[in-house]
Amino acid sequence: MCEFRVGFATVNINPDLGTPIAGYYISRYAKGFLDDLEARTLALSLDDTKVLLISLDQCYTEAKLASRIREAVADATGVSPENIFLSCTHSHTTPCIHPGETVEFRSQVETYVDFLCRRVADTAVLALADLKNARMGF
């Protein structure tokens, strides 16, 4: 019989104050938080196969950054990058994570991207540690 297990974790990914915010055609910078930004991971395990479904409170992400996040998660968890799926909530009040768009803040954005990769890897590790026996049905 197959062993199906599920785990979940969430971590905070709030940026430093002053970090450029994406989503509009005017310059905006983080100056406080109404609601925390989060990364959430749902871990699914069926026998020896593991899959991670990761949701980020971000406006969007490009393929290059998605690959970087997948590699960070794979390094931290041992899960194959092909089994790591990312989605974004498309919030217009999240950090601008593309340094080319904010040249004058490149170092601050790169610092946030490094932080984001580490925190997403953390949530994946925590979700895998939370795996519990589960059932599916309809």
# chains A, B, ... in the order shown; residues from 1 in each chain; ligands from 1
call {"tool": "residues_around", "arguments": {"residues": "Thr111 (chain A)", "least_positions_apart": "6", "cutoff": "10 Å", "atoms": "only C-alpha atoms", "output": "list in words"}}
result
Pro15, Asp16, Thr19 and Ile97 of chain A
call {"tool": "select_by_dssp", "arguments": {"residues": "chain A", "states": "helix (DSSP H, G or I)", "output": "number ranges by chain"}}
result
A: 63-77, 81-83, 99-101, 103-129
call {"tool": "select_by_dssp", "arguments": {"residues": "chain A", "states": "strand (DSSP E)", "output": "JSON, numbers by chain"}}
result
{"A": [4, 5, 6, 7, 8, 9, 10, 11, 12, 38, 39, 40, 41, 42, 43, 44, 45, 46, 49, 50, 51, 52, 53, 54, 55, 56, 84, 85, 86, 87, 88, 132, 133]}
call {"tool": "closest_atom_pairs", "arguments": {"of": "region 46-109 of chain A", "to": "region 116-136 of chain A", "cutoff": "7 Å", "atoms": "only C-alpha atoms", "output": "JSON lines"}}
result
{"residue": "A:Ile69", "atom": "CA", "partner": "A:Cys117", "partner_atom": "CA", "distance": 5.3}
{"residue": "A:Ala72", "atom": "CA", "partner": "A:Ala121", "partner_atom": "CA", "distance": 6.0}
{"residue": "A:Val73", "atom": "CA", "partner": "A:Ala121", "partner_atom": "CA", "distance": 4.4}
{"residue": "A:Ala76", "atom": "CA", "partner": "A:Ala121", "partner_atom": "CA", "distance": 6.1}
{"residue": "A:Thr77", "atom": "CA", "partner": "A:Val125", "partner_atom": "CA", "distance": 5.9}
call {"tool": "closest_residue", "arguments": {"among": "A:Glu3, A:Arg106, A:Leu52, A:Ser87", "to": "Ala74 (chain A)", "atoms": "only C-alpha atoms"}}
result
A:Leu52
call {"tool": "atom_distance", "arguments": {"atom1": "CA of Asp114 (chain A)", "atom2": "CA of Leu44 (chain A)"}}
result
25.8 Å
call {"tool": "closest_atom_pairs", "arguments": {"of": "region 37-100 of chain A", "to": "region 24-33 of chain A", "cutoff": "9 Å", "atoms": "only C-alpha atoms", "output": "CSV"}}
result
residue,atom,partner,partner_atom,distance
A:Leu37,CA,A:Phe33,CA,8.5
A:His92,CA,A:Tyr24,CA,7.2
A:Thr93,CA,A:Ala30,CA,8.4
A:Thr94,CA,A:Ala30,CA,8.3
A:Pro95,CA,A:Ala30,CA,7.7
call {"tool": "closest_residue", "arguments": {"among": "A:His90, A:Pro81, A:Leu56, A:Arg40", "to": "Arg68 (chain A)", "atoms": "only C-alpha atoms"}}
result
A:Pro81
call {"tool": "atom_distance", "arguments": {"atom1": "CA of Ala63 (chain A)", "atom2": "CA of Ala9 (chain A)"}}
result
23.8 Å
